[in-house]
Amino acid sequence: MTHTIVGGGAIGGTVAFHLARAGHDVLLVDADPAHVAAIRRSGVVLHRPSGASESVPVRAATPEEVDGPLRRVLLCVKAQATDQASAWIAPRLAPDGYVVSVQNGLNEPLIASYVGESRVVGAFVNLFADVVEPGVIRDGGPGAFVVGELSGAPSARVSELVAGLSGLGATATSNVSGYLWAKLGFGAMLSATALADAPMADLIDRHRPLMYGLVGQVFAVARGLRLEPFDAFSPAAYLPGASEDARKSATDRLTAWLRTQPKDRSGIWRDIAVRHRPVEVHEHYRPVLARAEADGIAVPLLRAMLARLADVETGRAPMTEDHLTDLEHAL
């Protein structure tokens, strides 16, 4: 069965590379004609951290060139493009087809509004990668990849996906929501580091009280969920009521791991400083803020960080570590 990847950026391009390299049929659909043309010429090229490069042939097309029917769709677009991409997928999705949300954020309900909840599979991805030129992905180091049904039940399609994505170390889970919400806590840290031009690990290390406050507010909203650890991130250490020693040890492990990654700045930072385009973070936290308001949970630090990020990405404020210091002083 063909894997149709919608969105060939950092995540989609990496997934396409590994699926094709394992011998699977892959169709990559991307709205950037230059990206599509480059892949048609040279395949998807992956720059390894070692400096070596490898390419694999991948079929590529723009959305206008694809009719369907599509059966196994891996949706890899930025969160803010989910609505438009889902509207494109829905009339092309085969009756027995399904969509896997290989994205950051909580996009599954929006996708389900177009194709039905039974045809949506959840996925958690923590890949470190960047598009550095059309058709070329820079591998920024390994990260967790987890796939699961929204219901938590095992399924043949999850097993097939995990097998196909074995090159990325994919595993199955019965608690994909626990991973996605845990990533939102970690993502709050990464979002804050995008306010300054410095390595993620250093900024997290220097501003630990701020990071603890941000993650703690996200996790206060996630109450009732079983948050899952991944890579070097231990969500239990940041839950309200966790000890200072637990937070310190967890952050020591996290920053040490981040310093081993070839990619030392977040994709959020790259969108602002290099790509000069809107970040997807605001879409990630929209449902978090909505749930906080509905449940009467105050998240002033999270709101203040997102407001500063909006100012930086639009050029209303400079990118500086002073933002982190100011937020920390407001604790």
# chains A, B, ... in the order shown; residues from 1 in each chain; ligands from 1
$ residues_around --residues "segment 146-148 of chain A" --least-positions-apart "2" --cutoff "7 Å" --atoms "only C-alpha atoms" --output "ChimeraX atom specification"
/A:121-125,144,150,152,158,162,170-176
$ closest_atom_pairs --of "segment 201-249 of chain A" --to "segment 271-290 of chain A" --cutoff "9 Å" --atoms "only C-alpha atoms" --output "tab-separated table"
residue	atom	partner	partner_atom	distance
A:Val218	CA	A:Val288	CA	7.2
A:Val221	CA	A:Val288	CA	6.9
A:Ala222	CA	A:Val288	CA	8.2
$ select_by_dssp --residues "segment 131-188 of chain A" --states "helix (DSSP H, G or I)" --output "JSON, numbers by chain"
{"A": [156, 157, 158, 159, 160, 161, 162, 163, 164, 166, 167, 168, 176, 177, 178, 179, 180, 181, 182, 183, 184, 185, 186, 187, 188]}
$ select_by_dssp --residues "segment 125-261 of chain A" --states "strand (DSSP E or B)" --output "CSV table (one decimal) with all heavy atoms, in the first residue's frame"
chain,number,residue,atom,x,y,z
A,125,VAL,N,5.6,12.7,17.7
A,125,VAL,CA,6.9,12.7,17.0
A,125,VAL,C,7.8,13.7,17.7
A,125,VAL,O,7.3,14.8,18.0
A,125,VAL,CB,6.7,13.0,15.5
A,125,VAL,CG1,6.0,14.3,15.2
A,125,VAL,CG2,8.1,12.9,14.8
A,129,ALA,N,14.9,17.9,13.0
A,129,ALA,CA,15.3,18.0,11.6
A,129,ALA,C,14.9,19.4,11.0
A,129,ALA,O,14.0,20.1,11.6
A,129,ALA,CB,14.6,16.9,10.8
A,130,ASP,N,15.5,19.8,9.9
A,130,ASP,CA,15.2,21.0,9.3
A,130,ASP,C,15.3,20.9,7.7
A,130,ASP,O,16.1,20.1,7.3
A,130,ASP,CB,16.2,22.1,9.6
A,130,ASP,CG,16.1,22.6,11.1
A,130,ASP,OD1,15.0,22.9,11.5
A,130,ASP,OD2,17.2,22.6,11.8
A,131,VAL,N,14.5,21.6,7.0
A,131,VAL,CA,14.6,21.7,5.6
A,131,VAL,C,15.7,22.8,5.3
A,131,VAL,O,15.5,23.9,5.8
A,131,VAL,CB,13.3,22.0,4.9
A,131,VAL,CG1,13.5,22.2,3.4
A,131,VAL,CG2,12.3,21.0,5.1
A,132,VAL,N,16.8,22.5,4.7
A,132,VAL,CA,17.8,23.5,4.5
A,132,VAL,C,17.8,24.0,3.0
A,132,VAL,O,18.4,25.1,2.8
A,132,VAL,CB,19.2,22.9,4.8
A,132,VAL,CG1,19.3,22.7,6.3
A,132,VAL,CG2,19.5,21.6,4.1
A,133,GLU,N,17.2,23.3,2.1
A,133,GLU,CA,17.0,23.8,0.8
A,133,GLU,C,16.0,22.8,0.1
A,133,GLU,O,15.7,21.8,0.7
A,133,GLU,CB,18.3,23.8,0.0
A,133,GLU,CG,19.0,22.5,-0.2
A,133,GLU,CD,20.3,22.6,-0.9
A,133,GLU,OE1,21.4,22.8,-0.3
A,133,GLU,OE2,20.3,22.5,-2.2
A,136,VAL,N,16.1,18.9,0.4
A,136,VAL,CA,17.2,18.5,1.3
A,136,VAL,C,16.8,18.7,2.8
A,136,VAL,O,16.4,19.8,3.2
A,136,VAL,CB,18.5,19.3,1.0
A,136,VAL,CG1,19.6,18.9,1.9
A,136,VAL,CG2,18.9,19.2,-0.4
A,137,ILE,N,16.9,17.6,3.6
A,137,ILE,CA,16.6,17.7,5.0
A,137,ILE,C,17.9,17.5,5.8
A,137,ILE,O,18.7,16.6,5.5
A,137,ILE,CB,15.6,16.5,5.3
A,137,ILE,CG1,14.4,16.5,4.4
A,137,ILE,CG2,15.1,16.6,6.8
A,137,ILE,CD1,13.5,17.7,4.4
A,138,ARG,N,18.1,18.3,6.8
A,138,ARG,CA,19.2,18.1,7.7
A,138,ARG,C,18.7,17.3,8.9
A,138,ARG,O,17.8,17.8,9.6
A,138,ARG,CB,19.8,19.4,8.1
A,138,ARG,CG,21.0,19.2,9.1
A,138,ARG,CD,21.8,20.5,9.3
A,138,ARG,NE,20.9,21.5,9.8
A,138,ARG,CZ,21.0,22.9,9.6
A,138,ARG,NH1,22.0,23.3,8.8
A,138,ARG,NH2,20.2,23.7,10.1
A,139,ASP,N,19.2,16.1,9.1
A,139,ASP,CA,18.9,15.3,10.3
A,139,ASP,C,19.6,15.9,11.5
A,139,ASP,O,20.8,16.0,11.6
A,139,ASP,CB,19.4,13.9,10.0
A,139,ASP,CG,19.1,12.9,11.2
A,139,ASP,OD1,18.4,13.3,12.1
A,139,ASP,OD2,19.6,11.7,11.1
A,145,PHE,N,9.2,8.4,18.3
A,145,PHE,CA,8.1,8.3,17.4
A,145,PHE,C,7.2,7.2,17.8
A,145,PHE,O,7.5,6.1,18.0
A,145,PHE,CB,8.7,7.9,16.0
A,145,PHE,CG,7.8,8.3,14.8
A,145,PHE,CD1,8.3,9.0,13.7
A,145,PHE,CD2,6.5,7.9,14.8
A,145,PHE,CE1,7.5,9.3,12.7
A,145,PHE,CE2,5.7,8.2,13.7
A,145,PHE,CZ,6.2,8.9,12.7
A,146,VAL,N,5.9,7.6,18.2
A,146,VAL,CA,5.0,6.7,18.8
A,146,VAL,C,3.7,6.9,18.0
A,146,VAL,O,3.2,8.0,17.7
A,146,VAL,CB,4.8,7.0,20.2
A,146,VAL,CG1,3.8,6.1,20.9
A,146,VAL,CG2,6.1,7.0,21.0
A,147,VAL,N,3.0,5.7,17.7
A,147,VAL,CA,1.7,5.7,17.0
A,147,VAL,C,0.7,5.0,17.8
A,147,VAL,O,1.0,4.0,18.5
A,147,VAL,CB,1.9,5.0,15.6
A,147,VAL,CG1,0.6,5.0,14.8
A,147,VAL,CG2,3.1,5.6,14.8
A,148,GLY,N,-0.6,5.5,17.8
A,148,GLY,CA,-1.6,4.8,18.5
A,148,GLY,C,-3.0,5.2,18.1
A,148,GLY,O,-3.2,6.4,17.6
A,149,GLU,N,-3.9,4.3,18.2
A,149,GLU,CA,-5.3,4.7,18.0
A,149,GLU,C,-5.8,5.6,19.0
A,149,GLU,O,-5.4,5.6,20.2
A,149,GLU,CB,-6.2,3.4,18.0
A,149,GLU,CG,-5.9,2.4,16.9
A,149,GLU,CD,-6.4,2.8,15.6
A,149,GLU,OE1,-7.1,3.8,15.5
A,149,GLU,OE2,-6.2,2.1,14.6
A,171,THR,N,7.2,3.0,17.7
A,171,THR,CA,6.6,2.0,18.6
A,171,THR,C,5.1,2.3,18.7
A,171,THR,O,4.7,3.4,18.4
A,171,THR,CB,7.2,2.1,20.1
A,171,THR,OG1,7.0,3.4,20.6
A,171,THR,CG2,8.7,1.8,20.0
A,172,ALA,N,4.4,1.4,19.2
A,172,ALA,CA,2.9,1.5,19.4
A,172,ALA,C,2.6,1.9,20.8
A,172,ALA,O,3.3,1.6,21.7
A,172,ALA,CB,2.2,0.2,19.0
A,230,PHE,N,9.4,10.6,27.4
A,230,PHE,CA,10.0,10.3,26.1
A,230,PHE,C,11.4,10.9,26.0
A,230,PHE,O,11.6,11.9,26.6
A,230,PHE,CB,9.1,10.8,24.9
A,230,PHE,CG,8.9,12.3,25.0
A,230,PHE,CD1,9.8,13.2,24.3
A,230,PHE,CD2,7.8,12.9,25.7
A,230,PHE,CE1,9.6,14.6,24.4
A,230,PHE,CE2,7.7,14.3,25.7
A,230,PHE,CZ,8.6,15.1,25.1
A,233,PHE,N,13.0,13.5,28.5
A,233,PHE,CA,12.0,14.3,29.2
A,233,PHE,C,11.1,13.5,30.1
A,233,PHE,O,10.5,12.5,29.6
A,233,PHE,CB,11.1,15.1,28.2
A,233,PHE,CG,10.1,16.0,28.8
A,233,PHE,CD1,10.6,17.1,29.4
A,233,PHE,CD2,8.8,15.8,28.7
A,233,PHE,CE1,9.7,18.0,30.0
A,233,PHE,CE2,7.9,16.7,29.3
A,233,PHE,CZ,8.3,17.8,30.0
$ residues_around --residues "Ala60 of chain A" --least-positions-apart "2" --cutoff "7 Å" --atoms "only C-alpha atoms" --output "ChimeraX atom specification"
/A:27-29,36,39-40,58
$ residues_around --residues "Arg308 of chain A" --least-positions-apart "4" --cutoff "12 Å" --atoms "only C-alpha atoms" --output "NGL selection string"
:A and (191-196 or 282 or 301-304 or 312-324 or 326-327)
$ residues_around --residues "segment 86-102 of chain A" --least-positions-apart "4" --cutoff "9 Å" --atoms "only C-alpha atoms" --output "mmCIF file with C-alpha atoms, in the first residue's frame"
data_model
loop_
_atom_site.group_PDB
_atom_site.id
_atom_site.type_symbol
_atom_site.label_atom_id
_atom_site.label_comp_id
_atom_site.auth_asym_id
_atom_site.auth_seq_id
_atom_site.Cartn_x
_atom_site.Cartn_y
_atom_site.Cartn_z
ATOM 1 C CA VAL A 6 0.985 15.331 2.884
ATOM 2 C CA ILE A 11 8.969 15.790 9.587
ATOM 3 C CA GLY A 12 7.351 14.715 6.323
ATOM 4 C CA PRO A 63 -1.773 18.933 -4.463
ATOM 5 C CA VAL A 66 -3.229 14.254 -7.029
ATOM 6 C CA ASP A 67 -6.767 12.895 -7.314
ATOM 7 C CA GLY A 68 -6.825 9.815 -5.094
ATOM 8 C CA PRO A 69 -8.183 7.564 -3.805
ATOM 9 C CA LEU A 70 -5.777 7.777 -0.881
ATOM 10 C CA ARG A 71 -5.724 5.011 1.690
ATOM 11 C CA ARG A 72 -2.809 5.525 4.083
ATOM 12 C CA VAL A 73 -2.194 9.249 4.598
ATOM 13 C CA LEU A 74 0.477 10.619 6.896
ATOM 14 C CA LEU A 75 -0.377 14.260 7.528
ATOM 15 C CA CYS A 76 2.861 16.131 8.277
ATOM 16 C CA VAL A 77 1.947 19.788 7.765
ATOM 17 C CA ALA A 81 -2.181 24.233 7.833
ATOM 18 C CA THR A 82 -4.191 21.311 9.235
ATOM 19 C CA LEU A 106 -3.537 18.383 19.249
ATOM 20 C CA ASN A 107 -4.781 18.251 15.669
ATOM 21 C CA GLU A 108 -6.731 14.995 15.709
ATOM 22 C CA LEU A 110 -9.883 18.939 13.588
ATOM 23 C CA ILE A 111 -8.867 16.165 11.181
ATOM 24 C CA ALA A 112 -11.728 14.012 12.493
ATOM 25 C CA SER A 113 -14.206 16.795 11.740
ATOM 26 C CA TYR A 114 -13.397 16.250 8.058
ATOM 27 C CA VAL A 115 -12.924 12.482 7.791
ATOM 28 C CA SER A 118 -12.661 6.294 13.164
ATOM 29 C CA ARG A 119 -10.418 7.272 10.257
ATOM 30 C CA VAL A 120 -7.865 9.187 12.339
ATOM 31 C CA VAL A 121 -4.774 7.670 13.958
ATOM 32 C CA GLY A 122 -2.696 9.609 16.449
ATOM 33 C CA ALA A 123 1.067 9.910 16.429
ATOM 34 C CA PHE A 124 3.665 11.567 18.597
ATOM 35 C CA VAL A 125 6.905 12.697 16.987
ATOM 36 C CA VAL A 147 1.744 5.698 16.979
#
$ decode --residues "segment 106-125 of chain A" --atoms "N, CA, C and O atoms" --output "mmCIF file, in the first residue's frame"
data_model
loop_
_atom_site.group_PDB
_atom_site.id
_atom_site.type_symbol
_atom_site.label_atom_id
_atom_site.label_comp_id
_atom_site.auth_asym_id
_atom_site.auth_seq_id
_atom_site.Cartn_x
_atom_site.Cartn_y
_atom_site.Cartn_z
ATOM 1 N N LEU A 106 -2.347 19.229 19.048
ATOM 2 C CA LEU A 106 -3.537 18.383 19.249
ATOM 3 C C LEU A 106 -4.470 18.551 18.052
ATOM 4 O O LEU A 106 -5.528 19.157 18.154
ATOM 5 N N ASN A 107 -4.070 18.005 16.920
ATOM 6 C CA ASN A 107 -4.781 18.251 15.669
ATOM 7 C C ASN A 107 -5.820 17.196 15.314
ATOM 8 O O ASN A 107 -6.578 17.379 14.358
ATOM 9 N N GLU A 108 -5.860 16.109 16.070
ATOM 10 C CA GLU A 108 -6.731 14.995 15.709
ATOM 11 C C GLU A 108 -8.215 15.366 15.658
ATOM 12 O O GLU A 108 -8.915 14.930 14.717
ATOM 13 N N PRO A 109 -8.748 16.146 16.599
ATOM 14 C CA PRO A 109 -10.171 16.505 16.502
ATOM 15 C C PRO A 109 -10.512 17.283 15.232
ATOM 16 O O PRO A 109 -11.575 17.069 14.639
ATOM 17 N N LEU A 110 -9.629 18.173 14.809
ATOM 18 C CA LEU A 110 -9.883 18.939 13.588
ATOM 19 C C LEU A 110 -9.876 18.018 12.372
ATOM 20 O O LEU A 110 -10.752 18.116 11.503
ATOM 21 N N ILE A 111 -8.914 17.120 12.292
ATOM 22 C CA ILE A 111 -8.867 16.165 11.181
ATOM 23 C C ILE A 111 -10.129 15.310 11.183
ATOM 24 O O ILE A 111 -10.751 15.079 10.141
ATOM 25 N N ALA A 112 -10.538 14.862 12.370
ATOM 26 C CA ALA A 112 -11.728 14.012 12.493
ATOM 27 C C ALA A 112 -12.988 14.739 12.036
ATOM 28 O O ALA A 112 -13.927 14.108 11.533
ATOM 29 N N SER A 113 -13.022 16.052 12.179
ATOM 30 C CA SER A 113 -14.206 16.795 11.740
ATOM 31 C C SER A 113 -14.397 16.717 10.234
ATOM 32 O O SER A 113 -15.493 16.933 9.724
ATOM 33 N N TYR A 114 -13.331 16.390 9.515
ATOM 34 C CA TYR A 114 -13.397 16.250 8.058
ATOM 35 C C TYR A 114 -13.587 14.804 7.615
ATOM 36 O O TYR A 114 -14.296 14.544 6.644
ATOM 37 N N VAL A 115 -12.931 13.865 8.298
ATOM 38 C CA VAL A 115 -12.924 12.482 7.791
ATOM 39 C C VAL A 115 -13.589 11.483 8.733
ATOM 40 O O VAL A 115 -13.769 10.324 8.369
ATOM 41 N N GLY A 116 -13.955 11.914 9.935
ATOM 42 C CA GLY A 116 -14.548 11.011 10.911
ATOM 43 C C GLY A 116 -13.494 10.471 11.866
ATOM 44 O O GLY A 116 -12.377 10.146 11.451
ATOM 45 N N GLU A 117 -13.844 10.369 13.137
ATOM 46 C CA GLU A 117 -12.874 9.970 14.158
ATOM 47 C C GLU A 117 -12.308 8.576 13.915
ATOM 48 O O GLU A 117 -11.134 8.305 14.199
ATOM 49 N N SER A 118 -13.129 7.665 13.381
ATOM 50 C CA SER A 118 -12.661 6.294 13.164
ATOM 51 C C SER A 118 -11.579 6.216 12.092
ATOM 52 O O SER A 118 -10.887 5.198 11.983
ATOM 53 N N ARG A 119 -11.414 7.285 11.328
ATOM 54 C CA ARG A 119 -10.418 7.272 10.257
ATOM 55 C C ARG A 119 -9.215 8.165 10.592
ATOM 56 O O ARG A 119 -8.482 8.584 9.712
ATOM 57 N N VAL A 120 -9.012 8.405 11.877
ATOM 58 C CA VAL A 120 -7.865 9.187 12.339
ATOM 59 C C VAL A 120 -7.031 8.339 13.296
ATOM 60 O O VAL A 120 -7.561 7.708 14.206
ATOM 61 N N VAL A 121 -5.733 8.338 13.076
ATOM 62 C CA VAL A 121 -4.774 7.670 13.958
ATOM 63 C C VAL A 121 -3.861 8.743 14.534
ATOM 64 O O VAL A 121 -3.435 9.656 13.825
ATOM 65 N N GLY A 122 -3.573 8.636 15.808
ATOM 66 C CA GLY A 122 -2.696 9.609 16.449
ATOM 67 C C GLY A 122 -1.243 9.202 16.352
ATOM 68 O O GLY A 122 -0.909 8.020 16.233
ATOM 69 N N ALA A 123 -0.367 10.180 16.396
ATOM 70 C CA ALA A 123 1.067 9.910 16.429
ATOM 71 C C ALA A 123 1.767 11.014 17.197
ATOM 72 O O ALA A 123 1.348 12.176 17.181
ATOM 73 N N PHE A 124 2.807 10.625 17.871
ATOM 74 C CA PHE A 124 3.665 11.567 18.597
ATOM 75 C C PHE A 124 5.047 11.508 17.966
ATOM 76 O O PHE A 124 5.595 10.420 17.727
ATOM 77 N N VAL A 125 5.603 12.656 17.655
ATOM 78 C CA VAL A 125 6.905 12.697 16.987
ATOM 79 C C VAL A 125 7.781 13.742 17.652
ATOM 80 O O VAL A 125 7.326 14.843 17.976
#
